[in-house]
>>> print(open('run_20.txt').read())   # compact mmCIF, C-alpha atoms
# COMPACT_ATOMS: atom_id res chain seq x y z
CA MET A 1 0.00 0.00 0.00
CA PRO A 2 1.50 3.39 -0.96
CA GLY A 3 2.50 5.79 1.79
CA PRO A 4 0.68 9.04 2.55
CA LEU A 5 3.28 11.12 0.68
CA GLN A 6 3.37 9.06 -2.52
CA ASN A 7 2.88 12.11 -4.78
CA LEU A 8 5.75 14.18 -3.37
CA ARG A 9 8.96 14.28 -5.39
CA ILE A 10 11.99 15.74 -3.67
CA LEU A 11 15.50 16.66 -4.74
CA ASP A 12 17.73 16.30 -1.70
CA PHE A 13 21.04 18.20 -1.82
CA SER A 14 21.82 17.66 1.87
CA ALA A 15 24.52 15.55 3.55
CA LEU A 16 25.63 14.34 6.98
CA LEU A 17 22.71 14.16 9.46
CA PRO A 18 19.92 16.81 9.63
CA GLY A 19 18.83 16.95 5.99
CA PRO A 20 19.20 13.21 5.30
CA PHE A 21 17.21 12.35 8.44
CA ALA A 22 14.45 14.71 7.32
CA SER A 23 14.35 13.26 3.81
CA MET A 24 14.43 9.72 5.27
CA MET A 25 11.28 10.53 7.24
CA LEU A 26 9.63 11.78 4.05
CA ALA A 27 10.85 8.81 1.99
CA ASP A 28 9.60 6.35 4.62
CA MET A 29 6.16 7.92 4.18
CA GLY A 30 6.25 7.32 0.45
CA ALA A 31 7.88 10.43 -1.00
CA ASP A 32 10.11 9.94 -4.03
CA VAL A 33 13.45 11.29 -2.79
CA LEU A 34 16.43 11.66 -5.11
CA ARG A 35 19.73 12.46 -3.41
CA ILE A 36 22.08 14.66 -5.44
CA GLU A 37 25.66 13.87 -4.40
CA SER A 38 29.05 14.99 -5.60
CA PRO A 39 31.03 12.36 -7.55
CA GLN A 40 34.26 13.74 -6.03
CA ARG A 41 33.22 14.47 -2.44
CA ALA A 42 31.01 11.71 -1.10
CA ASP A 43 28.90 12.28 1.99
CA LEU A 44 31.19 11.65 4.99
CA VAL A 45 28.48 9.48 6.55
CA ARG A 46 29.31 6.89 3.87
CA TRP A 47 32.60 6.27 5.72
CA MET A 48 31.18 5.92 9.23
CA PRO A 49 31.61 2.43 10.78
CA PRO A 50 30.32 -0.14 11.28
CA PHE A 51 29.98 -1.55 7.78
CA ALA A 52 27.79 -4.29 6.30
CA ASN A 53 28.62 -5.65 2.85
CA GLY A 54 31.03 -2.74 2.40
CA VAL A 55 28.36 -0.11 3.14
CA SER A 56 28.16 2.08 6.24
CA ARG A 57 25.22 0.95 8.33
CA VAL A 58 24.65 4.59 9.36
CA HIS A 59 24.43 5.65 5.73
CA ALA A 60 22.27 2.65 4.88
CA GLN A 61 19.71 3.71 7.49
CA LEU A 62 19.77 7.48 6.98
CA ASN A 63 19.34 7.07 3.23
CA ARG A 64 16.92 4.18 2.96
CA ASN A 65 14.12 4.47 0.40
CA LYS A 66 16.10 7.11 -1.56
CA ASP A 67 17.71 7.05 -4.98
CA SER A 68 21.22 8.39 -5.60
CA LEU A 69 22.40 10.55 -8.49
CA ALA A 70 26.11 11.46 -8.41
CA LEU A 71 26.39 14.74 -10.29
CA ASP A 72 28.97 17.53 -10.49
CA LEU A 73 26.89 20.64 -9.78
CA LYS A 74 29.78 22.91 -10.74
CA SER A 75 29.51 21.77 -14.35
CA GLU A 76 27.18 23.26 -16.95
CA GLU A 77 25.94 19.76 -17.74
CA GLY A 78 25.19 19.09 -14.08
CA ARG A 79 23.10 22.24 -13.74
CA ALA A 80 21.22 21.36 -16.93
CA VAL A 81 20.31 17.99 -15.44
CA ILE A 82 18.86 19.68 -12.36
CA PHE A 83 16.76 21.98 -14.55
CA ARG A 84 15.36 18.94 -16.38
CA LEU A 85 14.67 17.12 -13.13
CA LEU A 86 12.54 20.07 -12.01
CA GLN A 87 9.97 19.02 -14.57
CA ASP A 88 9.19 16.14 -12.20
CA TYR A 89 10.64 17.12 -8.81
CA ASP A 90 9.08 20.22 -7.24
CA ILE A 91 10.54 20.20 -3.71
CA VAL A 92 14.17 20.95 -2.88
CA ILE A 93 16.01 20.37 0.40
CA GLU A 94 19.50 21.82 0.73
CA GLN A 95 21.88 22.12 3.66
CA PHE A 96 24.69 24.29 2.31
CA ARG A 97 25.78 27.51 3.94
CA PRO A 98 23.89 30.56 2.64
CA GLY A 99 25.08 31.59 -0.80
CA VAL A 100 26.49 28.23 -1.94
CA MET A 101 23.52 27.30 -4.12
CA GLN A 102 23.64 30.77 -5.67
CA ARG A 103 27.33 30.33 -6.54
CA LEU A 104 26.42 27.03 -8.18
CA GLY A 105 23.73 28.75 -10.23
CA LEU A 106 21.04 26.72 -8.45
CA ASP A 107 19.57 29.28 -6.07
CA GLU A 108 15.85 29.42 -5.44
CA ALA A 109 15.17 32.23 -7.91
CA THR A 110 16.93 30.36 -10.72
CA LEU A 111 15.24 27.05 -9.92
CA ARG A 112 11.85 28.72 -9.74
CA GLN A 113 12.23 29.79 -13.38
CA HIS A 114 12.09 26.10 -14.25
CA CYS A 115 9.49 25.16 -11.60
CA PRO A 116 7.18 28.06 -10.61
CA GLY A 117 5.50 26.05 -7.84
CA LEU A 118 8.79 25.06 -6.25
CA ILE A 119 8.99 24.52 -2.48
CA TYR A 120 12.57 25.29 -1.48
CA CYS A 121 13.74 24.36 2.01
CA ALA A 122 17.12 25.63 3.23
CA LEU A 123 18.27 23.91 6.43
CA THR A 124 21.24 25.58 8.13
CA GLY A 125 22.79 26.05 11.54
CA TYR A 126 21.99 29.74 11.94
CA GLY A 127 19.53 30.57 9.16
CA GLN A 128 19.67 32.74 6.07
CA THR A 129 19.89 36.04 7.98
CA GLY A 130 21.70 37.48 10.99
CA PRO A 131 25.38 37.99 11.84
CA TYR A 132 26.01 34.22 12.16
CA ARG A 133 24.49 33.24 8.78
CA ASP A 134 27.90 32.38 7.28
CA ARG A 135 29.42 30.87 10.41
CA ALA A 136 30.37 27.19 10.66
CA GLY A 137 28.84 25.13 13.43
CA HIS A 138 27.67 21.77 14.71
CA ASP A 139 24.95 20.52 17.03
CA LEU A 140 26.92 21.36 20.18
CA ASN A 141 27.43 24.96 19.01
CA TYR A 142 23.75 25.48 18.19
CA LEU A 143 22.74 24.17 21.62
CA ALA A 144 25.30 26.44 23.24
CA ILE A 145 24.07 29.55 21.42
CA ALA A 146 20.42 28.60 22.12
CA GLY A 147 21.04 28.42 25.89
CA ALA A 148 20.17 24.72 26.12
CA LEU A 149 23.60 23.64 27.39
CA SER A 150 23.70 26.19 30.19
CA TYR A 151 21.48 24.06 32.44
CA ASN A 152 22.32 20.60 31.03
CA GLY A 153 24.97 18.85 33.11
CA ARG A 154 26.29 18.70 36.67
CA ARG A 155 27.58 21.47 38.91
CA ALA A 156 30.73 19.50 39.61
CA SER A 157 31.65 19.08 35.94
CA GLY A 158 29.80 21.85 34.14
CA PRO A 159 27.69 21.75 30.96
CA GLN A 160 27.71 18.42 29.16
CA PRO A 161 27.21 17.47 25.49
CA MET A 162 23.88 15.78 24.85
CA SER A 163 24.16 12.22 23.57
CA VAL A 164 21.38 12.74 21.02
CA GLN A 165 21.84 15.44 18.36
CA PHE A 166 19.02 17.55 19.73
CA ALA A 167 19.50 20.64 17.54
CA ASP A 168 20.21 18.65 14.39
CA LEU A 169 17.32 16.22 14.66
CA ALA A 170 14.56 17.60 16.89
CA GLY A 171 15.52 21.11 15.79
CA GLY A 172 16.50 20.82 12.15
CA SER A 173 15.11 17.59 10.72
CA ALA A 174 11.72 17.56 12.43
CA HIS A 175 11.03 21.24 11.81
CA ALA A 176 12.05 20.91 8.16
CA VAL A 177 9.54 18.08 7.69
CA ILE A 178 6.78 20.01 9.45
CA ALA A 179 7.44 23.13 7.40
CA LEU A 180 7.65 21.24 4.11
CA LEU A 181 4.35 19.48 4.67
CA ALA A 182 2.69 22.77 5.67
CA ALA A 183 4.03 24.35 2.46
CA VAL A 184 2.66 21.42 0.43
CA ILE A 185 -0.80 21.97 1.92
CA HIS A 186 -0.55 25.68 1.10
CA ARG A 187 0.46 24.87 -2.49
CA GLN A 188 -2.39 22.43 -2.89
CA ARG A 189 -4.79 25.16 -1.82
CA THR A 190 -3.29 28.09 -3.73
CA GLY A 191 -0.86 26.72 -6.31
CA GLU A 192 1.92 28.80 -4.76
CA GLY A 193 5.36 27.49 -3.90
CA GLN A 194 7.51 29.20 -1.30
CA SER A 195 10.88 29.21 0.42
CA ILE A 196 11.48 27.78 3.88
CA ASP A 197 14.32 28.97 6.11
CA ILE A 198 15.05 26.50 8.95
CA SER A 199 17.71 27.42 11.50
CA MET A 200 18.76 24.66 13.88
CA THR A 201 19.67 27.29 16.46
CA ASP A 202 16.23 28.91 16.20
CA ALA A 203 14.58 25.53 16.61
CA ALA A 204 16.75 24.56 19.60
CA PHE A 205 15.87 27.86 21.27
CA ALA A 206 12.15 27.28 20.62
CA LEU A 207 12.28 23.73 22.01
CA GLN A 208 12.66 24.91 25.61
CA PRO A 209 9.09 25.91 26.56
CA LEU A 210 9.48 25.02 30.24
CA ALA A 211 12.64 27.07 30.75
CA THR A 212 12.36 30.15 28.53
CA PRO A 213 9.29 31.77 30.17
CA ALA A 214 11.13 32.14 33.48
CA ALA A 215 14.32 33.20 31.70
CA LEU A 216 12.48 35.90 29.76
CA ALA A 217 11.06 37.09 33.07
CA GLY A 218 14.56 37.43 34.50
CA THR A 219 15.45 34.05 36.04
CA ASP A 220 17.80 31.73 34.16
CA PRO A 221 17.85 28.02 35.01
CA GLY A 222 21.19 26.68 36.19
CA LEU A 223 22.92 23.34 36.46
CA GLU A 224 20.98 21.05 38.81
CA THR A 225 18.62 23.85 39.88
CA GLU A 226 15.40 22.70 38.22
CA THR A 227 12.98 19.88 38.92
CA LEU A 228 13.76 18.21 35.60
CA ASN A 229 17.52 18.75 35.28
CA GLY A 230 18.78 17.02 38.41
CA GLY A 231 17.88 19.75 40.88
CA GLY A 232 15.25 17.50 42.45
CA PHE A 233 14.81 13.78 42.98
CA TYR A 234 13.83 13.38 39.29
CA ASP A 235 17.13 11.80 38.25
CA CYS A 236 19.09 8.64 37.54
CA TYR A 237 20.43 6.60 40.46
CA VAL A 238 23.18 4.01 40.52
CA CYS A 239 22.53 0.57 42.00
CA ALA A 240 24.94 -1.82 43.70
CA ASP A 241 26.03 -3.40 40.41
CA GLY A 242 26.77 -0.07 38.70
CA ALA A 243 23.57 -0.14 36.64
CA TYR A 244 21.12 2.78 36.83
CA LEU A 245 17.44 3.40 37.45
CA SER A 246 15.55 6.46 36.25
CA VAL A 247 13.20 7.80 38.92
CA ALA A 248 10.53 10.19 37.62
CA ALA A 249 7.83 9.82 40.26
CA LEU A 250 6.77 13.47 40.07
CA GLU A 251 3.13 13.05 41.08
CA PRO A 252 2.43 12.32 44.77
CA VAL A 253 0.64 9.06 44.01
CA PHE A 254 3.66 7.75 42.11
CA MET A 255 6.12 8.90 44.77
CA HIS A 256 4.06 7.23 47.51
CA SER A 257 4.01 3.97 45.55
CA PHE A 258 7.74 4.18 44.93
CA LEU A 259 8.70 4.92 48.53
CA THR A 260 6.39 2.15 49.72
CA ALA A 261 8.01 -0.35 47.35
CA ILE A 262 11.57 0.49 48.46
CA ASP A 263 10.50 0.62 52.13
CA ARG A 264 11.36 4.29 52.60
CA LEU A 265 8.05 5.88 53.62
CA ASP A 266 10.07 7.73 56.23
CA LEU A 267 11.12 10.04 53.36
CA SER A 268 7.51 11.08 52.63
CA PRO A 269 7.64 14.33 54.68
CA LEU A 270 10.43 15.50 52.37
CA THR A 271 8.27 15.20 49.24
CA LEU A 272 5.99 18.18 49.84
CA ALA A 273 5.43 20.30 46.72
CA HIS A 274 7.08 23.34 48.31
CA ALA A 275 9.84 21.54 50.19
CA ASP A 276 12.94 23.63 50.85
CA ALA A 277 16.28 22.94 49.20
CA ASP A 278 17.60 21.03 52.21
CA SER A 279 14.59 18.69 52.19
CA VAL A 280 15.06 18.03 48.48
CA ARG A 281 18.72 17.17 49.06
CA ARG A 282 17.86 14.83 51.92
CA LEU A 283 15.15 13.11 49.85
CA LYS A 284 17.51 12.61 46.95
CA SER A 285 20.27 11.35 49.24
CA GLY A 286 17.89 8.90 50.91
CA ILE A 287 16.74 7.48 47.56
CA ALA A 288 20.34 7.23 46.35
CA GLN A 289 21.56 5.40 49.47
CA THR A 290 18.66 2.96 49.35
CA LEU A 291 19.01 2.07 45.66
CA LEU A 292 22.79 1.70 46.03
CA ALA A 293 22.28 -1.11 48.53
CA GLN A 294 21.00 -3.65 45.97
CA PRO A 295 21.69 -4.51 42.32
CA ARG A 296 19.31 -3.21 39.69
CA ALA A 297 17.76 -6.63 39.08
CA HIS A 298 16.58 -6.65 42.68
CA TRP A 299 14.86 -3.28 42.34
CA LEU A 300 13.29 -4.21 39.02
CA GLN A 301 11.77 -7.24 40.69
CA VAL A 302 10.56 -5.14 43.63
CA LEU A 303 9.06 -2.52 41.31
CA ALA A 304 7.76 -4.87 38.61
CA ALA A 305 4.11 -4.49 39.59
CA VAL A 306 4.40 -0.92 40.90
CA ASP A 307 3.12 1.98 38.81
CA ALA A 308 5.65 4.59 39.88
CA CYS A 309 7.42 5.98 36.78
CA VAL A 310 10.65 4.14 37.51
CA GLU A 311 12.49 2.36 34.68
CA PRO A 312 15.97 0.96 34.04
CA VAL A 313 18.51 3.04 32.11
CA LEU A 314 19.15 0.70 29.19
CA SER A 315 21.95 0.58 26.67
CA LEU A 316 20.89 0.84 23.02
CA GLN A 317 21.38 -2.91 22.58
CA GLU A 318 19.21 -3.56 25.63
CA ALA A 319 16.62 -1.07 24.38
CA ALA A 320 16.42 -2.86 21.03
CA GLN A 321 15.44 -6.04 22.89
CA HIS A 322 12.99 -4.39 25.29
CA PRO A 323 9.53 -6.00 25.04
CA GLN A 324 7.83 -2.63 24.59
CA LEU A 325 9.95 -1.65 21.58
CA GLN A 326 9.74 -5.20 20.25
CA ALA A 327 5.95 -5.12 20.49
CA ARG A 328 5.88 -1.77 18.69
CA GLY A 329 7.91 -3.20 15.81
CA MET A 330 10.72 -0.68 16.20
CA LEU A 331 13.20 -2.97 14.43
CA VAL A 332 12.69 -3.83 10.77
CA GLU A 333 14.56 -5.81 8.13
CA VAL A 334 15.38 -3.61 5.14
CA ALA A 335 16.59 -5.02 1.84
CA GLN A 336 20.21 -4.39 0.87
CA GLY A 337 20.82 -6.12 -2.43
CA GLU A 338 20.46 -9.85 -1.92
CA THR A 339 20.59 -9.55 1.87
CA SER A 340 18.96 -7.32 4.48
CA LEU A 341 19.92 -5.05 7.36
CA THR A 342 18.24 -4.68 10.73
CA GLN A 343 17.35 -1.00 11.13
CA VAL A 344 15.36 1.22 13.46
CA ALA A 345 11.82 1.62 12.15
CA SER A 346 9.92 4.84 11.64
CA PRO A 347 8.00 5.80 14.80
CA LEU A 348 5.05 6.96 12.65
CA ARG A 349 1.99 4.72 12.60
CA PHE A 350 -0.76 5.11 9.99
CA SER A 351 -3.93 3.03 9.88
CA ARG A 352 -4.49 3.43 6.11
CA THR A 353 -1.11 4.28 4.58
CA PRO A 354 1.61 2.46 6.51
CA VAL A 355 5.28 3.32 6.27
CA ALA A 356 7.20 1.07 3.86
CA TYR A 357 10.85 0.04 3.81
CA ARG A 358 11.79 -0.50 0.17
CA HIS A 359 15.58 -0.61 0.38
CA ALA A 360 18.56 0.55 2.41
CA GLY A 361 20.77 3.47 1.38
CA LYS A 362 22.39 2.86 -1.98
CA ASP A 363 25.91 3.13 -3.39
CA LEU A 364 27.02 6.54 -4.63
CA GLY A 365 25.38 7.21 -7.99
CA ALA A 366 23.54 3.88 -8.03
CA ASP A 367 20.66 5.40 -10.00
CA SER A 368 22.60 7.85 -12.17
CA GLN A 369 22.35 5.91 -15.42
CA ARG A 370 18.66 5.04 -15.04
CA ILE A 371 17.61 8.58 -14.12
CA LEU A 372 19.67 10.30 -16.79
CA ALA A 373 18.47 7.89 -19.45
CA ARG A 374 14.91 8.67 -18.43
CA LEU A 375 15.67 12.35 -18.94
CA GLY A 376 16.73 11.64 -22.52
CA TYR A 377 20.51 11.51 -22.24
CA THR A 378 22.20 8.93 -24.46
CA ALA A 379 24.65 6.19 -23.56
CA GLU A 380 27.35 8.22 -25.33
CA ASP A 381 26.51 11.27 -23.17
CA LEU A 382 26.80 9.23 -20.02
CA ALA A 383 30.06 7.56 -21.04
CA ASP A 384 31.56 10.99 -21.81
CA TRP A 385 30.31 12.47 -18.53
CA ARG A 386 31.62 9.57 -16.52
CA HIS A 387 35.01 9.93 -18.16
CA ARG A 388 35.02 13.67 -17.29
CA GLY A 389 33.90 13.08 -13.70
CA ILE A 390 30.54 14.82 -14.12
CA ILE A 391 28.69 11.69 -12.96
CA ALA A 392 29.54 8.55 -11.06
>>> encode(input="run_20.txt", output="C-alpha cells")
Amino acid sequence: MPGPLQNLRILDFSALLPGPFASMMLADMGADVLRIESPQRADLVRWMPPFANGVSRVHAQLNRNKDSLALDLKSEEGRAVIFRLLQDYDIVIEQFRPGVMQRLGLDEATLRQHCPGLIYCALTGYGQTGPYRDRAGHDLNYLAIAGALSYNGRRASGPQPMSVQFADLAGGSAHAVIALLAAVIHRQRTGEGQSIDISMTDAAFALQPLATPAALAGTDPGLETETLNGGGFYDCYVCADGAYLSVAALEPVFMHSFLTAIDRLDLSPLTLAHADADSVRRLKSGIAQTLLAQPRAHWLQVLAAVDACVEPVLSLQEAAQHPQLQARGMLVEVAQGETSLTQVASPLRFSRTPVAYRHAGKDLGADSQRILARLGYTAEDLADWRHRGIIA
C-alpha cells in the first residue's frame, strides 16, 4: 500500500545528518526522494563504521528508500540535469551555507524559473539572515548559542554534550519536515510554492518551553537547579552493580508507591510540593543510598508491579530487545541487495497508509544511469560524462 506522501517528489542536496534524516522521514512515508551527491566528495556518513557488505550501516539507514544521483553541480551539464529534473521534482532540500547554491547557479530564484510552484527548504545552523548566517557550526554549538547547554549537566563538571543530536534532529530535521508538509498543503490550496528557512539554532531555542518563560522574566535556570535537570529527585540513580534506574515519580501518588516499594516511607515528609532545598537534598540522598544497597535486578523485581514511573537506564542494545519496543515493531529488516539489514523503524503509525521500507541506502550514484536515461541523455553522453567526472 503506498505511503501518505506518494505524490511528493523531492530533490535532496543535503549531507551528513539533519537533511538526510528529514528526507528519510519523508521517503519512509512514500515520497520519491532523489539524493544529489558529488562524484568527487562523497557524503562523509558513507565512511562511518560499522559496515555491512562494504556499506556504512549509518548511511544505509539514513538514506533508505532514496535514490542516488552522483552529479557535479559545478559543471554546466550538471546544472542542466537539475533543470530537467525540475519538470518532475518540485521540492528541494538543501543544507549548504547561505550563498552556496547561488554560486552554483542553483539558487531558489533560478530554480523557480524552471518550476514556478517550487517549495525550497534551506536547512542551516543559523539561518539565512543574521550575523552568524555564514558561520560554521555543529549541534553542540547550536545548543550552546540557544542556551540549552547552560542548564544541562552537573555542577561538579559543568555543561555536558547531549548524547542525542538535539539541535540537528529535533531542531532541524523535524522542523524541516513540518514546514515542508505545511508548504505542500498551502500549495495544494493556492498553487503557490515558497521558500522555507530553517535554523537549527532557532529551533533549539524554541524547544525549551518550560525554561524560557522564566528566563524571559529574568530568572535563568542553572545546572541542577530545576525539577527536571537534576535539581530534584527526578534523576538517575546508581545501583549496587553499577547499573542505573531512572526515577521520575513526580506526582504524589507515584512517589508514595515508589517509597512504599523500596520501604522508605520515612522520606515522605520530604516530598511536599514546596519543600525547601535542604529537604530536596535529603530526599535525593535517601533514595540514592537505598538504591545503592542492591543490584538493579533486585529493584526491578521489587518494582515490577508498581506503577511509579521508575524504569531501568538501558543501553541501546538492551533497548532494542525491550519487550515494549519489540511489540511496537521498532526494528525492521530492510533489503540491501540480496541480503537485508536490521534497522530502526519509523516511529510513525498510519492506519491506512503504513510506512514502507523499500531498500537501504544505496551506493554513490547507483541510479545515475537510469535517471539520466529517463531524462533523454544517451549512452554516449553518459560515457563521456563519466570519463570527465561529471557523474559517477
>>> closest_residue(input="run_20.txt", among="A:Pro347, A:Pro209, A:Gly365, A:Gly130", to="Arg386 (chain A)", atoms="only C-alpha atoms")
A:Gly365
>>> closest_residue(input="run_20.txt", among="A:Leu341, A:Pro98, A:Phe13, A:Ser38", to="Ala136 (chain A)", atoms="all atoms listed in the file")
A:Pro98
>>> closest_residue(input="run_20.txt", among="A:Leu316, A:Leu123, A:Leu86, A:Val45", to="Leu62 (chain A)", atoms="all atoms listed in the file")
A:Val45
>>> atom_distance(input="run_20.txt", atom1="CA of Asp384 (chain A)", atom2="CA of Val81 (chain A)")
14.7 Å
>>> closest_residue(input="run_20.txt", among="A:Val332, A:Leu118, A:Ile198, A:Ala211", to="Ala22 (chain A)", atoms="only C-alpha atoms")
A:Ile198
>>> axis_aligned_box(input="run_20.txt", around="region 342-357 of chain A", padding_each_side="8 Å", output="JSON")
{"center_x": 6.9, "center_y": 1.1, "center_z": 9.3, "size_x": 38.7, "size_y": 27.6, "size_z": 27.0}
>>> closest_residue(input="run_20.txt", among="A:Arg84, A:Arg374, A:His359, A:Arg64", to="Phe21 (chain A)", atoms="all atoms listed in the file")
A:Arg64
>>> closest_residue(input="run_20.txt", among="A:Ala179, A:Ala203, A:Ala304, A:Val100", to="Lys74 (chain A)", atoms="all atoms listed in the file")
A:Val100
>>> residues_around(input="run_20.txt", residues="Arg155 (chain A)", least_positions_apart="5", cutoff="12 Å", atoms="all atoms listed in the file", output="list in words")
Ser150, Gln160, Gly222, Leu223, Glu224, Thr225, Asn229, Gly230 and Gly231 of chain A
>>> residues_around(input="run_20.txt", residues="region 47-61 of chain A", least_positions_apart="6", cutoff="8 Å", atoms="only C-alpha atoms", output="list in words")
Leu341, Gln343, Val344, Ala360, Gly361, Lys362 and Asp363 of chain A
>>> atom_distance(input="run_20.txt", atom1="CA of Ala240 (chain A)", atom2="CA of Leu228 (chain A)")
24.3 Å
>>> build_atoms(input="run_20.txt", residues="region 79-105 of chain A", atoms="N, CA and C atoms", output="compact mmCIF listing (two decimals), in the coordinates of the input")
# COMPACT_ATOMS: atom_id res chain seq x y z
N ARG A 79 24.20 21.29 -13.97
CA ARG A 79 23.10 22.24 -13.74
C ARG A 79 21.95 21.97 -14.70
N ALA A 80 22.27 21.64 -15.95
CA ALA A 80 21.22 21.36 -16.93
C ALA A 80 20.39 20.15 -16.51
N VAL A 81 21.05 19.16 -15.92
CA VAL A 81 20.31 17.99 -15.44
C VAL A 81 19.32 18.39 -14.35
N ILE A 82 19.77 19.24 -13.42
CA ILE A 82 18.86 19.68 -12.36
C ILE A 82 17.66 20.40 -12.94
N PHE A 83 17.88 21.26 -13.93
CA PHE A 83 16.76 21.98 -14.55
C PHE A 83 15.77 21.00 -15.19
N ARG A 84 16.26 19.95 -15.81
CA ARG A 84 15.36 18.94 -16.38
C ARG A 84 14.61 18.19 -15.29
N LEU A 85 15.32 17.86 -14.22
CA LEU A 85 14.67 17.12 -13.13
C LEU A 85 13.51 17.92 -12.54
N LEU A 86 13.60 19.24 -12.58
CA LEU A 86 12.54 20.07 -12.01
C LEU A 86 11.23 19.98 -12.77
N GLN A 87 11.24 19.30 -13.90
CA GLN A 87 9.97 19.02 -14.57
C GLN A 87 9.16 18.00 -13.77
N ASP A 88 9.85 17.19 -12.98
CA ASP A 88 9.19 16.14 -12.20
C ASP A 88 9.29 16.36 -10.69
N TYR A 89 10.41 16.94 -10.25
CA TYR A 89 10.64 17.12 -8.81
C TYR A 89 10.40 18.59 -8.45
N ASP A 90 9.46 18.83 -7.53
CA ASP A 90 9.08 20.22 -7.24
C ASP A 90 9.31 20.63 -5.80
N ILE A 91 10.13 19.84 -5.07
CA ILE A 91 10.54 20.20 -3.71
C ILE A 91 12.05 20.03 -3.64
N VAL A 92 12.72 21.00 -3.05
CA VAL A 92 14.17 20.95 -2.88
C VAL A 92 14.52 21.09 -1.40
N ILE A 93 15.42 20.23 -0.93
CA ILE A 93 16.01 20.37 0.40
C ILE A 93 17.51 20.56 0.21
N GLU A 94 18.05 21.61 0.80
CA GLU A 94 19.50 21.82 0.73
C GLU A 94 20.01 22.25 2.10
N GLN A 95 21.29 21.92 2.34
CA GLN A 95 21.88 22.12 3.66
C GLN A 95 23.23 22.83 3.57
N PHE A 96 23.45 23.53 2.46
CA PHE A 96 24.69 24.29 2.31
C PHE A 96 24.63 25.56 3.15
N ARG A 97 25.79 26.18 3.32
CA ARG A 97 25.78 27.51 3.94
C ARG A 97 25.10 28.50 2.98
N PRO A 98 24.54 29.58 3.52
CA PRO A 98 23.89 30.56 2.64
C PRO A 98 24.84 31.03 1.54
N GLY A 99 24.30 31.10 0.32
CA GLY A 99 25.08 31.59 -0.80
C GLY A 99 25.70 30.51 -1.67
N VAL A 100 25.84 29.28 -1.17
CA VAL A 100 26.49 28.23 -1.94
C VAL A 100 25.66 27.86 -3.16
N MET A 101 24.37 27.65 -2.98
CA MET A 101 23.52 27.30 -4.12
C MET A 101 23.51 28.42 -5.16
N GLN A 102 23.59 29.66 -4.72
CA GLN A 102 23.64 30.77 -5.67
C GLN A 102 24.94 30.73 -6.48
N ARG A 103 26.06 30.43 -5.82
CA ARG A 103 27.33 30.33 -6.54
C ARG A 103 27.32 29.18 -7.54
N LEU A 104 26.54 28.16 -7.25
CA LEU A 104 26.42 27.03 -8.18
C LEU A 104 25.44 27.32 -9.32
N GLY A 105 24.74 28.44 -9.23
CA GLY A 105 23.73 28.75 -10.23
C GLY A 105 22.44 27.98 -10.02
